[in-house]
Amino acid sequence: MADFAKERNWDQFHSPRNLLLAMVGEVGELSEIFQWKGEVPKGLPDWKEDEKVHLGEELSDVLLYLVRLSDICGIDLGKAALRKVELNAIKYPASKNYGTNDDGTAEMCG
């Protein structure tokens, strides 16, 4: 990503703030794909192939901005993600049942 941006002279625009705002914009585009579909099953079995391709493109845009942002901020994203998984393992031990809350909504972590 750094080479890609440098070859296009984009470094001048890639401040942490600008990258974050660009990523938020891409998350908005990703959200639009799901906006009127309601809940969808895993694997998206009812989606057309072109919808899945579009989804992959938007997911990739978000990922690429995230990778670029982490690089610009000097964060090793791989290490940070592994550390976060370890912290979540402590915060949410597997020995506890995380099935559902009393009100029937799924309990989330993160």
# chains A, B, ... in the order shown; residues from 1 in each chain; ligands from 1
>>> residues_around(residues="Met23 of chain A", least_positions_apart="6", cutoff="8 Å", atoms="only C-alpha atoms", output="list in words")
Asp61, Val62, Tyr65 and Leu66 of chain A
>>> select_by_dssp(residues="segment 10-97 of chain A", states="helix (DSSP H, G or I)", output="PyMOL selection string")
chain A and resi 11-13+16-34+49-72+77-91
>>> residues_around(residues="segment 9-19 of chain A", least_positions_apart="4", cutoff="10 Å", atoms="only C-alpha atoms", output="NGL selection string")
:A and (2-5 or 23-25 or 65-73)
>>> residues_around(residues="Gly56 of chain A", least_positions_apart="6", cutoff="12 Å", atoms="only C-alpha atoms", output="ChimeraX atom specification")
/A:29-30,33,49-50,62-64
>>> decode(residues="segment 61-74 of chain A", atoms="all heavy atoms", output="PDB file, in the first residue's frame")
ATOM      1  N   ASP A  61     -11.974  -2.218  -0.008  1.00  0.00           N
ATOM      2  CA  ASP A  61     -11.690  -0.793   0.183  1.00  0.00           C
ATOM      3  C   ASP A  61     -11.500  -0.471   1.662  1.00  0.00           C
ATOM      4  O   ASP A  61     -10.561   0.239   2.039  1.00  0.00           O
ATOM      5  CB  ASP A  61     -12.825   0.068  -0.385  1.00  0.00           C
ATOM      6  CG  ASP A  61     -12.814   0.147  -1.899  1.00  0.00           C
ATOM      7  OD1 ASP A  61     -11.768  -0.136  -2.522  1.00  0.00           O
ATOM      8  OD2 ASP A  61     -13.863   0.507  -2.469  1.00  0.00           O
ATOM      9  N   VAL A  62     -12.372  -0.995   2.504  1.00  0.00           N
ATOM     10  CA  VAL A  62     -12.267  -0.748   3.944  1.00  0.00           C
ATOM     11  C   VAL A  62     -10.955  -1.333   4.479  1.00  0.00           C
ATOM     12  O   VAL A  62     -10.221  -0.673   5.215  1.00  0.00           O
ATOM     13  CB  VAL A  62     -13.481  -1.334   4.703  1.00  0.00           C
ATOM     14  CG1 VAL A  62     -13.282  -1.252   6.208  1.00  0.00           C
ATOM     15  CG2 VAL A  62     -14.762  -0.609   4.290  1.00  0.00           C
ATOM     16  N   LEU A  63     -10.660  -2.562   4.087  1.00  0.00           N
ATOM     17  CA  LEU A  63      -9.438  -3.211   4.548  1.00  0.00           C
ATOM     18  C   LEU A  63      -8.195  -2.441   4.107  1.00  0.00           C
ATOM     19  O   LEU A  63      -7.274  -2.215   4.909  1.00  0.00           O
ATOM     20  CB  LEU A  63      -9.372  -4.649   4.022  1.00  0.00           C
ATOM     21  CG  LEU A  63      -8.078  -5.400   4.326  1.00  0.00           C
ATOM     22  CD1 LEU A  63      -7.897  -5.606   5.818  1.00  0.00           C
ATOM     23  CD2 LEU A  63      -8.057  -6.725   3.588  1.00  0.00           C
ATOM     24  N   LEU A  64      -8.162  -2.022   2.865  1.00  0.00           N
ATOM     25  CA  LEU A  64      -6.983  -1.322   2.353  1.00  0.00           C
ATOM     26  C   LEU A  64      -6.771   0.014   3.050  1.00  0.00           C
ATOM     27  O   LEU A  64      -5.634   0.381   3.373  1.00  0.00           O
ATOM     28  CB  LEU A  64      -7.087  -1.159   0.845  1.00  0.00           C
ATOM     29  CG  LEU A  64      -7.021  -2.476   0.066  1.00  0.00           C
ATOM     30  CD1 LEU A  64      -7.334  -2.252  -1.400  1.00  0.00           C
ATOM     31  CD2 LEU A  64      -5.684  -3.170   0.254  1.00  0.00           C
ATOM     32  N   TYR A  65      -7.842   0.756   3.308  1.00  0.00           N
ATOM     33  CA  TYR A  65      -7.694   2.001   4.072  1.00  0.00           C
ATOM     34  C   TYR A  65      -7.228   1.716   5.498  1.00  0.00           C
ATOM     35  O   TYR A  65      -6.416   2.451   6.054  1.00  0.00           O
ATOM     36  CB  TYR A  65      -8.993   2.809   4.087  1.00  0.00           C
ATOM     37  CG  TYR A  65      -9.121   3.734   2.907  1.00  0.00           C
ATOM     38  CD1 TYR A  65     -10.153   3.573   1.994  1.00  0.00           C
ATOM     39  CD2 TYR A  65      -8.219   4.770   2.694  1.00  0.00           C
ATOM     40  CE1 TYR A  65     -10.279   4.420   0.902  1.00  0.00           C
ATOM     41  CE2 TYR A  65      -8.337   5.623   1.609  1.00  0.00           C
ATOM     42  CZ  TYR A  65      -9.371   5.440   0.715  1.00  0.00           C
ATOM     43  OH  TYR A  65      -9.487   6.280  -0.370  1.00  0.00           O
ATOM     44  N   LEU A  66      -7.738   0.651   6.105  1.00  0.00           N
ATOM     45  CA  LEU A  66      -7.313   0.292   7.457  1.00  0.00           C
ATOM     46  C   LEU A  66      -5.825  -0.057   7.494  1.00  0.00           C
ATOM     47  O   LEU A  66      -5.091   0.400   8.378  1.00  0.00           O
ATOM     48  CB  LEU A  66      -8.147  -0.882   7.983  1.00  0.00           C
ATOM     49  CG  LEU A  66      -7.808  -1.371   9.384  1.00  0.00           C
ATOM     50  CD1 LEU A  66      -8.036  -0.273  10.419  1.00  0.00           C
ATOM     51  CD2 LEU A  66      -8.644  -2.601   9.712  1.00  0.00           C
ATOM     52  N   VAL A  67      -5.378  -0.829   6.531  1.00  0.00           N
ATOM     53  CA  VAL A  67      -3.956  -1.196   6.452  1.00  0.00           C
ATOM     54  C   VAL A  67      -3.099   0.053   6.261  1.00  0.00           C
ATOM     55  O   VAL A  67      -2.075   0.234   6.926  1.00  0.00           O
ATOM     56  CB  VAL A  67      -3.734  -2.213   5.311  1.00  0.00           C
ATOM     57  CG1 VAL A  67      -2.260  -2.381   4.994  1.00  0.00           C
ATOM     58  CG2 VAL A  67      -4.357  -3.558   5.681  1.00  0.00           C
ATOM     59  N   ARG A  68      -3.525   0.924   5.380  1.00  0.00           N
ATOM     60  CA  ARG A  68      -2.766   2.161   5.127  1.00  0.00           C
ATOM     61  C   ARG A  68      -2.753   3.049   6.367  1.00  0.00           C
ATOM     62  O   ARG A  68      -1.711   3.611   6.729  1.00  0.00           O
ATOM     63  CB  ARG A  68      -3.382   2.895   3.938  1.00  0.00           C
ATOM     64  CG  ARG A  68      -2.663   4.165   3.545  1.00  0.00           C
ATOM     65  CD  ARG A  68      -1.311   3.910   2.926  1.00  0.00           C
ATOM     66  NE  ARG A  68      -0.765   5.167   2.424  1.00  0.00           N
ATOM     67  CZ  ARG A  68       0.508   5.494   2.482  1.00  0.00           C
ATOM     68  NH1 ARG A  68       1.395   4.649   2.948  1.00  0.00           N
ATOM     69  NH2 ARG A  68       0.911   6.662   2.030  1.00  0.00           N
ATOM     70  N   LEU A  69      -3.885   3.179   7.033  1.00  0.00           N
ATOM     71  CA  LEU A  69      -3.964   3.992   8.248  1.00  0.00           C
ATOM     72  C   LEU A  69      -3.040   3.447   9.325  1.00  0.00           C
ATOM     73  O   LEU A  69      -2.302   4.202   9.969  1.00  0.00           O
ATOM     74  CB  LEU A  69      -5.412   4.050   8.754  1.00  0.00           C
ATOM     75  CG  LEU A  69      -5.657   4.797  10.062  1.00  0.00           C
ATOM     76  CD1 LEU A  69      -5.231   6.252   9.965  1.00  0.00           C
ATOM     77  CD2 LEU A  69      -7.132   4.689  10.446  1.00  0.00           C
ATOM     78  N   SER A  70      -3.058   2.152   9.522  1.00  0.00           N
ATOM     79  CA  SER A  70      -2.191   1.568  10.551  1.00  0.00           C
ATOM     80  C   SER A  70      -0.724   1.799  10.216  1.00  0.00           C
ATOM     81  O   SER A  70       0.088   2.102  11.101  1.00  0.00           O
ATOM     82  CB  SER A  70      -2.492   0.083  10.742  1.00  0.00           C
ATOM     83  OG  SER A  70      -2.137  -0.660   9.593  1.00  0.00           O
ATOM     84  N   ASP A  71      -0.368   1.693   8.943  1.00  0.00           N
ATOM     85  CA  ASP A  71       1.011   1.929   8.520  1.00  0.00           C
ATOM     86  C   ASP A  71       1.418   3.375   8.777  1.00  0.00           C
ATOM     87  O   ASP A  71       2.479   3.634   9.345  1.00  0.00           O
ATOM     88  CB  ASP A  71       1.160   1.576   7.036  1.00  0.00           C
ATOM     89  CG  ASP A  71       2.582   1.731   6.537  1.00  0.00           C
ATOM     90  OD1 ASP A  71       3.511   1.228   7.214  1.00  0.00           O
ATOM     91  OD2 ASP A  71       2.780   2.355   5.476  1.00  0.00           O
ATOM     92  N   ILE A  72       0.573   4.316   8.387  1.00  0.00           N
ATOM     93  CA  ILE A  72       0.869   5.742   8.576  1.00  0.00           C
ATOM     94  C   ILE A  72       1.002   6.080  10.065  1.00  0.00           C
ATOM     95  O   ILE A  72       1.789   6.936  10.450  1.00  0.00           O
ATOM     96  CB  ILE A  72      -0.227   6.612   7.913  1.00  0.00           C
ATOM     97  CG1 ILE A  72      -0.121   6.532   6.394  1.00  0.00           C
ATOM     98  CG2 ILE A  72      -0.179   8.053   8.378  1.00  0.00           C
ATOM     99  CD1 ILE A  72       1.127   7.144   5.792  1.00  0.00           C
ATOM    100  N   CYS A  73       0.243   5.384  10.905  1.00  0.00           N
ATOM    101  CA  CYS A  73       0.291   5.631  12.350  1.00  0.00           C
ATOM    102  C   CYS A  73       1.411   4.845  13.047  1.00  0.00           C
ATOM    103  O   CYS A  73       1.625   5.006  14.250  1.00  0.00           O
ATOM    104  CB  CYS A  73      -1.051   5.270  12.982  1.00  0.00           C
ATOM    105  SG  CYS A  73      -2.375   6.402  12.505  1.00  0.00           S
ATOM    106  N   GLY A  74       2.097   4.001  12.301  1.00  0.00           N
ATOM    107  CA  GLY A  74       3.184   3.225  12.891  1.00  0.00           C
ATOM    108  C   GLY A  74       2.705   2.081  13.759  1.00  0.00           C
ATOM    109  O   GLY A  74       3.393   1.673  14.688  1.00  0.00           O
TER     110      GLY A  74
END
